[in-house]
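This is my_file-v7.txt. It holds compact mmCIF, C-alpha atoms and all ligand atoms.
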```
# COMPACT_ATOMS: atom_id res chain seq x y z
CA LEU A 29 -137.56 208.48 -60.99
CA SER A 30 -140.21 207.03 -58.69
CA SER A 31 -137.90 207.11 -55.67
CA ARG A 32 -138.00 209.59 -52.79
CA LYS A 33 -134.27 209.97 -53.31
CA PHE A 34 -135.01 211.51 -56.69
CA GLN A 35 -138.00 213.54 -55.46
CA PRO A 36 -138.37 213.94 -51.67
CA GLU A 37 -141.75 215.69 -51.75
CA ASP A 38 -145.06 213.91 -52.45
CA THR A 39 -146.38 213.94 -55.99
CA ILE A 40 -149.74 215.66 -56.17
CA ILE A 41 -151.83 214.73 -59.18
CA GLU A 42 -154.31 217.32 -60.38
CA THR A 43 -157.43 216.33 -62.28
CA ALA A 44 -160.55 218.29 -63.16
CA HIS A 45 -162.11 217.65 -59.75
CA ASN A 46 -159.27 216.46 -57.53
CA LYS A 47 -155.85 216.92 -56.09
CA ILE A 48 -154.60 213.43 -55.30
CA GLY A 49 -151.68 212.79 -52.94
CA GLY A 50 -149.95 214.86 -50.29
CA ASP A 51 -152.36 215.82 -47.52
CA ASN A 52 -155.40 215.16 -49.68
CA PHE A 53 -157.71 212.21 -49.11
CA THR A 54 -159.47 211.05 -52.25
CA ILE A 55 -162.46 208.73 -52.34
CA MET A 56 -162.99 206.73 -55.54
CA ALA A 57 -166.04 204.51 -55.67
CA GLY A 58 -168.59 202.86 -57.91
CA PRO A 59 -169.59 199.46 -59.16
CA CYS A 60 -167.16 196.75 -60.18
CA SER A 61 -168.68 196.87 -63.69
CA VAL A 62 -170.82 199.39 -65.49
CA GLU A 63 -173.89 197.19 -66.03
CA ASN A 64 -176.34 199.59 -67.65
CA GLU A 65 -176.98 203.28 -68.09
CA GLU A 66 -179.47 203.77 -65.24
CA MET A 67 -177.39 202.07 -62.58
CA ILE A 68 -174.28 204.12 -63.20
CA HIS A 69 -176.23 207.38 -63.10
CA ARG A 70 -177.88 206.33 -59.82
CA LEU A 71 -174.60 205.23 -58.29
CA ALA A 72 -172.73 208.33 -59.40
CA ALA A 73 -175.19 210.47 -57.45
CA GLU A 74 -175.04 208.14 -54.43
CA VAL A 75 -171.26 207.90 -54.16
CA LYS A 76 -170.99 211.65 -54.69
CA ALA A 77 -173.43 212.25 -51.82
CA ALA A 78 -171.29 210.00 -49.62
CA GLY A 79 -168.14 212.00 -50.36
CA ALA A 80 -166.57 210.35 -53.41
CA THR A 81 -165.00 212.64 -56.00
CA VAL A 82 -164.05 209.94 -58.52
CA ILE A 83 -166.40 207.33 -59.96
CA ARG A 84 -165.10 203.89 -60.86
CA GLY A 85 -166.64 201.23 -63.06
CA GLY A 86 -165.21 198.65 -65.41
CA ALA A 87 -166.27 198.65 -69.05
CA PHE A 88 -163.50 196.30 -70.23
CA LYS A 89 -163.27 193.62 -67.54
CA PRO A 90 -160.42 191.21 -66.79
CA ARG A 91 -162.64 188.26 -65.81
CA THR A 92 -161.14 185.02 -64.56
CA SER A 93 -163.54 183.02 -66.75
CA PRO A 94 -164.17 183.88 -70.41
CA TYR A 95 -167.83 182.89 -69.89
CA ASP A 96 -168.43 185.60 -67.26
CA PHE A 97 -169.71 189.11 -68.06
CA GLN A 98 -166.93 190.89 -69.94
CA GLY A 99 -168.22 194.46 -69.61
CA LEU A 100 -170.18 196.80 -71.90
CA GLY A 101 -167.10 198.11 -73.70
CA VAL A 102 -167.32 201.56 -75.29
CA GLU A 103 -171.03 201.83 -74.50
CA GLY A 104 -170.12 201.44 -70.81
CA LEU A 105 -167.46 204.14 -71.10
CA ARG A 106 -170.03 206.53 -72.51
CA TYR A 107 -172.48 205.90 -69.67
CA LEU A 108 -169.69 206.30 -67.13
CA ARG A 109 -168.53 209.60 -68.62
CA GLU A 110 -172.05 211.01 -68.74
CA ALA A 111 -172.81 209.94 -65.17
CA ALA A 112 -169.55 211.52 -63.98
CA ASP A 113 -170.14 214.80 -65.81
CA GLU A 114 -173.66 215.05 -64.46
CA ASN A 115 -172.24 214.83 -60.92
CA ASP A 116 -168.92 216.69 -61.29
CA LEU A 117 -166.86 213.56 -60.73
CA ASP A 118 -163.65 212.29 -62.31
CA VAL A 119 -163.69 208.85 -63.98
CA ILE A 120 -161.36 205.95 -63.30
CA THR A 121 -161.66 202.83 -65.45
CA GLU A 122 -159.47 199.91 -66.38
CA VAL A 123 -157.51 199.65 -69.61
CA MET A 124 -156.44 196.10 -70.46
CA SER A 125 -154.60 196.44 -73.75
CA VAL A 126 -152.41 198.81 -75.72
CA GLU A 127 -155.04 199.00 -78.49
CA GLU A 128 -157.64 200.32 -76.03
CA VAL A 129 -155.52 203.14 -74.59
CA GLU A 130 -156.58 205.73 -77.12
CA THR A 131 -160.32 204.99 -76.99
CA ILE A 132 -160.48 204.68 -73.21
CA GLY A 133 -158.44 207.87 -72.95
CA GLU A 134 -161.26 209.71 -74.73
CA TYR A 135 -163.62 208.86 -71.85
CA THR A 136 -161.60 208.52 -68.67
CA ASP A 137 -159.69 210.92 -66.42
CA ILE A 138 -157.59 208.20 -64.79
CA PHE A 139 -156.40 204.93 -66.35
CA GLN A 140 -156.55 201.92 -64.05
CA ILE A 141 -154.00 199.21 -64.67
CA GLY A 142 -155.40 196.04 -63.15
CA ALA A 143 -153.50 193.64 -60.94
CA ARG A 144 -153.33 191.10 -63.77
CA ASN A 145 -151.61 193.61 -66.02
CA MET A 146 -149.13 195.11 -63.59
CA GLN A 147 -146.25 193.64 -65.55
CA ASN A 148 -147.74 194.12 -69.02
CA PHE A 149 -144.80 196.32 -69.92
CA ASP A 150 -146.11 197.32 -73.34
CA LEU A 151 -149.31 198.55 -71.70
CA LEU A 152 -147.34 200.42 -69.02
CA LYS A 153 -145.27 202.12 -71.71
CA ALA A 154 -148.40 202.99 -73.69
CA VAL A 155 -150.09 204.76 -70.75
CA GLY A 156 -146.71 206.28 -69.94
CA LYS A 157 -146.86 208.05 -73.31
CA THR A 158 -150.17 209.71 -72.41
CA ASN A 159 -150.56 212.62 -70.02
CA LYS A 160 -153.41 211.09 -68.00
CA PRO A 161 -152.99 209.89 -64.43
CA VAL A 162 -152.49 206.14 -64.03
CA ALA A 163 -153.60 204.10 -61.01
CA LEU A 164 -151.29 201.09 -60.93
CA LYS A 165 -152.65 198.12 -58.99
CA ARG A 166 -150.18 195.85 -57.33
CA GLY A 167 -149.99 192.46 -59.06
CA LEU A 168 -151.48 189.36 -57.48
CA ALA A 169 -148.06 188.10 -56.46
CA ALA A 170 -145.84 191.11 -57.03
CA THR A 171 -143.11 192.15 -54.63
CA ILE A 172 -142.96 195.81 -53.65
CA ASP A 173 -139.88 196.25 -55.85
CA GLU A 174 -141.68 194.73 -58.84
CA TRP A 175 -144.59 197.10 -58.23
CA LEU A 176 -142.29 200.13 -58.05
CA ASN A 177 -140.44 198.98 -61.16
CA ALA A 178 -143.77 198.76 -62.97
CA ALA A 179 -144.39 202.39 -61.95
CA GLU A 180 -140.93 203.19 -63.30
CA TYR A 181 -142.01 201.89 -66.74
CA ILE A 182 -144.75 204.54 -66.78
CA ILE A 183 -142.71 207.47 -65.46
CA SER A 184 -139.73 206.67 -67.68
CA GLU A 185 -141.96 207.29 -70.73
CA GLY A 186 -142.63 210.81 -69.45
CA ASN A 187 -145.83 210.40 -67.46
CA SER A 188 -145.17 211.08 -63.79
CA LYS A 189 -148.85 211.06 -62.75
CA VAL A 190 -148.80 207.63 -61.18
CA MET A 191 -150.67 206.43 -58.10
CA LEU A 192 -150.04 203.09 -56.46
CA VAL A 193 -152.98 200.90 -55.47
CA GLU A 194 -152.58 198.15 -52.87
CA ARG A 195 -155.41 195.67 -53.50
CA GLY A 196 -154.24 192.60 -51.65
CA ILE A 197 -151.90 189.83 -52.72
CA ARG A 198 -152.16 186.04 -53.01
CA SER A 199 -151.01 184.03 -50.06
CA PHE A 200 -151.72 180.64 -48.53
CA ASP A 201 -154.94 181.40 -46.67
CA SER A 202 -157.86 182.78 -48.66
CA THR A 203 -160.47 181.00 -46.58
CA TYR A 204 -161.95 184.17 -45.14
CA THR A 205 -160.50 186.99 -47.24
CA ARG A 206 -160.09 186.99 -51.02
CA ASN A 207 -156.54 188.30 -50.76
CA ILE A 208 -154.15 189.44 -48.05
CA LEU A 209 -154.19 193.22 -47.70
CA ASP A 210 -150.53 194.11 -47.34
CA VAL A 211 -150.81 197.02 -44.93
CA GLY A 212 -147.06 197.07 -44.46
CA ALA A 213 -146.60 197.55 -48.20
CA ILE A 214 -148.63 200.76 -47.97
CA ALA A 215 -146.20 202.19 -45.43
CA VAL A 216 -143.19 200.91 -47.39
CA ALA A 217 -144.39 202.24 -50.75
CA LYS A 218 -144.98 205.60 -49.10
CA LYS A 219 -141.49 205.60 -47.66
CA LEU A 220 -139.76 204.57 -50.91
CA SER A 221 -141.79 206.49 -53.48
CA HIS A 222 -143.36 209.92 -53.76
CA PHE A 223 -146.53 208.71 -55.48
CA PRO A 224 -149.99 208.85 -53.90
CA ILE A 225 -150.94 205.51 -52.32
CA ILE A 226 -154.51 204.28 -52.62
CA VAL A 227 -156.04 201.32 -50.81
CA ASP A 228 -158.57 199.08 -52.59
CA SER A 229 -159.92 197.02 -49.73
CA SER A 230 -162.80 195.67 -51.84
CA HIS A 231 -160.62 193.32 -53.87
CA ALA A 232 -158.48 192.53 -50.84
CA ALA A 233 -161.48 191.62 -48.66
CA GLY A 234 -163.74 189.88 -51.14
CA HIS A 235 -166.56 190.04 -48.60
CA ALA A 236 -168.60 193.17 -47.97
CA ASP A 237 -168.39 193.00 -44.18
CA LEU A 238 -164.58 193.07 -44.26
CA VAL A 239 -164.18 195.98 -46.67
CA ALA A 240 -164.50 198.73 -44.03
CA PRO A 241 -162.10 197.39 -41.38
CA MET A 242 -159.49 196.68 -44.06
CA ALA A 243 -159.95 200.17 -45.54
CA TYR A 244 -159.43 201.70 -42.09
CA ALA A 245 -156.20 199.75 -41.65
CA GLY A 246 -154.94 201.00 -45.00
CA VAL A 247 -155.75 204.62 -44.17
CA ALA A 248 -154.09 204.31 -40.77
CA ALA A 249 -150.99 202.97 -42.55
CA GLY A 250 -150.82 206.10 -44.69
CA ALA A 251 -153.01 205.59 -47.75
CA GLN A 252 -154.06 208.89 -49.31
CA GLY A 253 -157.18 207.55 -50.93
CA LEU A 254 -159.69 204.73 -51.17
CA LEU A 255 -160.97 202.72 -54.12
CA ILE A 256 -164.20 201.00 -53.07
CA GLU A 257 -166.80 198.99 -54.97
CA VAL A 258 -170.38 200.16 -54.42
CA HIS A 259 -173.55 198.70 -55.96
CA ASP A 260 -177.15 199.42 -55.13
CA HIS A 261 -178.12 195.72 -55.32
CA PRO A 262 -174.85 193.92 -54.53
CA SER A 263 -176.30 190.40 -54.61
CA GLN A 264 -177.43 190.95 -58.22
CA ALA A 265 -174.12 192.41 -59.40
CA LEU A 266 -172.73 190.95 -62.64
CA SER A 267 -169.23 190.82 -61.14
CA ASP A 268 -167.77 190.77 -57.62
CA ALA A 269 -171.20 190.46 -55.97
CA ALA A 270 -169.89 189.36 -52.57
CA GLN A 271 -167.67 192.38 -51.94
CA GLN A 272 -169.69 195.36 -53.12
CA LEU A 273 -171.07 197.74 -50.50
CA THR A 274 -174.50 199.31 -50.54
CA PRO A 275 -174.50 203.12 -50.68
CA ALA A 276 -175.53 203.16 -46.99
CA GLN A 277 -172.60 200.94 -45.96
CA PHE A 278 -170.27 203.04 -48.09
CA THR A 279 -171.49 206.29 -46.51
CA LYS A 280 -170.55 204.97 -43.05
CA LEU A 281 -167.17 203.78 -44.25
CA VAL A 282 -166.30 207.19 -45.71
CA ALA A 283 -167.22 209.04 -42.52
CA GLN A 284 -165.02 206.76 -40.40
CA ALA A 285 -162.14 206.67 -42.87
CA LYS A 286 -162.04 210.48 -42.98
CA GLN A 287 -161.71 210.57 -39.19
CA ILE A 288 -158.85 208.10 -39.31
CA HIS A 289 -157.13 210.04 -42.08
CA ALA A 290 -157.36 213.18 -39.96
CA LEU A 291 -155.34 211.41 -37.25
CA THR A 292 -152.50 210.42 -39.56
CA GLU A 293 -149.44 212.45 -40.37
CA ASN A 294 -150.81 212.87 -43.90
CA HIS A 295 -153.11 215.46 -42.53
C1 LIG B 301 -161.35 195.92 -60.51
O1 LIG B 301 -160.95 196.99 -60.02
O2 LIG B 301 -162.54 195.72 -60.80
C2 LIG B 301 -160.37 194.82 -60.70
C3 LIG B 301 -160.56 193.89 -61.62
O3 LIG B 301 -159.35 194.87 -59.83
P1 LIG B 301 -157.98 194.03 -59.74
O4 LIG B 301 -157.24 194.29 -60.99
O5 LIG B 301 -157.35 194.61 -58.52
O6 LIG B 301 -158.35 192.58 -59.55
MN MN B 302 -164.13 194.16 -59.09
```

Translate the structure of the given file into structure tokens.
Amino acid sequence: LSSRKFQPEDTIIETAHNKIGGDNFTIMAGPCSVENEEMIHRLAAEVKAAGATVIRGGAFKPRTSPYDFQGLGVEGLRYLREAADENDLDVITEVMSVEEVETIGEYTDIFQIGARNMQNFDLLKAVGKTNKPVALKRGLAATIDEWLNAAEYIISEGNSKVMLVERGIRSFDSTYTRNILDVGAIAVAKKLSHFPIIVDSSHAAGHADLVAPMAYAGVAAGAQGLLIEVHDHPSQALSDAAQQLTPAQFTKLVAQAKQIHALTENH
């Protein structure tokens, strides 16, 4: 069902504030984690001013260490929802378990399935039973076929509002980048499937100065949207401090990325 053979034309996902896919170019941005009420309200206004139409922020966080900040939970979801509504933005936030789908669904417009859960088939089926859009991150070491099969788990439950997020994969050299952004996979996923393709260059880069060039490469390869981490004091961030952009850096990135998108055949 996710194949272009089944559906030749691009899927366009409609939310309260967006049309995602096709010729549209959608900017999703915000902090890695919702850290407190004030920061998410500030950042919602800043990313909106820069051109974002979706705010991101984790409230339930998949941290590598159990001793790291795990997110604010439902309180974080509430702050995120309020900040979004105040600025006419959609919300995207991660859901990590089947039990959380219902609660998170009360606050978010788009479910994010994190890289670590790409093959959590019970979770994929659970979001597949909802009617909310799902942004499916590519797994840390997933092949393109495994990624598309994960999407198939969602669509086969009846939910065809899937977008695919390339966020970099594990390879042998992570000396200078956190992951390897698979630019080719963006073009391939676009060829094989009809879903919107989003590039998350923040988690691919791992370092703020590399986020923009890697985003541009993804857009040039055909991505129809960006997912970017933005924080007003990146060095003090409670998660992913090294890769978050300041609002000023993000504003520049958006302006350039829009110009690149306008040159692609998406436009
Ligand atoms: C995130 O978006 O904050 C995140 C944890 O991403 P990923 O699942 O791609 O590592
Ligand atoms: Mn992050």

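Pocket residues of ligand MN 302 (chain B), taken as those with any atom at most 10 Å away using all atoms listed in the file, are Gly58, Pro59, Cys60, Ser61, Arg84, Gly85, Gly86, Lys89, Pro90, Arg91, Gly142, Asp228, Ser230, His231, Gly234, Ile256, Glu257, Val258, Leu266, Ser267, Asp268, Ala269, Ala270, Gln271 and Gln272 of chain A.
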
Expected file: the selected residues, C-alpha atoms, as a PDB file, in the frame of the given file:
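Result went into result22.pdb, see below:
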```pdb
ATOM      1  CA  GLY A  58    -168.590 202.860 -57.910  1.00  0.00           C
ATOM      2  CA  PRO A  59    -169.590 199.460 -59.160  1.00  0.00           C
ATOM      3  CA  CYS A  60    -167.160 196.750 -60.180  1.00  0.00           C
ATOM      4  CA  SER A  61    -168.680 196.870 -63.690  1.00  0.00           C
ATOM      5  CA  ARG A  84    -165.100 203.890 -60.860  1.00  0.00           C
ATOM      6  CA  GLY A  85    -166.640 201.230 -63.060  1.00  0.00           C
ATOM      7  CA  GLY A  86    -165.210 198.650 -65.410  1.00  0.00           C
ATOM      8  CA  LYS A  89    -163.270 193.620 -67.540  1.00  0.00           C
ATOM      9  CA  PRO A  90    -160.420 191.210 -66.790  1.00  0.00           C
ATOM     10  CA  ARG A  91    -162.640 188.260 -65.810  1.00  0.00           C
ATOM     11  CA  GLY A 142    -155.400 196.040 -63.150  1.00  0.00           C
ATOM     12  CA  ASP A 228    -158.570 199.080 -52.590  1.00  0.00           C
ATOM     13  CA  SER A 230    -162.800 195.670 -51.840  1.00  0.00           C
ATOM     14  CA  HIS A 231    -160.620 193.320 -53.870  1.00  0.00           C
ATOM     15  CA  GLY A 234    -163.740 189.880 -51.140  1.00  0.00           C
ATOM     16  CA  ILE A 256    -164.200 201.000 -53.070  1.00  0.00           C
ATOM     17  CA  GLU A 257    -166.800 198.990 -54.970  1.00  0.00           C
ATOM     18  CA  VAL A 258    -170.380 200.160 -54.420  1.00  0.00           C
ATOM     19  CA  LEU A 266    -172.730 190.950 -62.640  1.00  0.00           C
ATOM     20  CA  SER A 267    -169.230 190.820 -61.140  1.00  0.00           C
ATOM     21  CA  ASP A 268    -167.770 190.770 -57.620  1.00  0.00           C
ATOM     22  CA  ALA A 269    -171.200 190.460 -55.970  1.00  0.00           C
ATOM     23  CA  ALA A 270    -169.890 189.360 -52.570  1.00  0.00           C
ATOM     24  CA  GLN A 271    -167.670 192.380 -51.940  1.00  0.00           C
ATOM     25  CA  GLN A 272    -169.690 195.360 -53.120  1.00  0.00           C
TER      26      GLN A 272
END
```

Q: For stretch 199-213 of chain A, please output as a PyMOL selection string all residues within 8 Å (counting all atoms listed in the file; exclusion window: fewer than 6 positions along the same chain).
A: chain A and resi 172+229+231-235+238+242+245-246+249

Q: Measure the distance from atom CA of A:Asn52 to atom CA of A:Arg144 in Å and round it to one decimal.
A: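 Taking atom CA of A:Asn52 as the start and atom CA of A:Arg144 as the end point, the length is 28.0 Å.
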
Q. For ligand LIG 301 (chain B), which residue among A:Phe139, A:Tyr107, A:Tyr95, A:Tyr244 is the nearest when counting all atoms listed in the file?
A. A:Phe139

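Atom CA of A:Thr279 sits 27.1 Å away from atom CA of A:Val190.
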
Q.
Could you list, as a PyMOL selection string, every residue within 10 Å of stretch 166-169 of chain A, counting only C-alpha atoms and ignoring same-chain residues fewer than 2 positions away?
A. chain A and resi 141-147+163-164+171-172+174-176+178-179+192-199+207-208+213
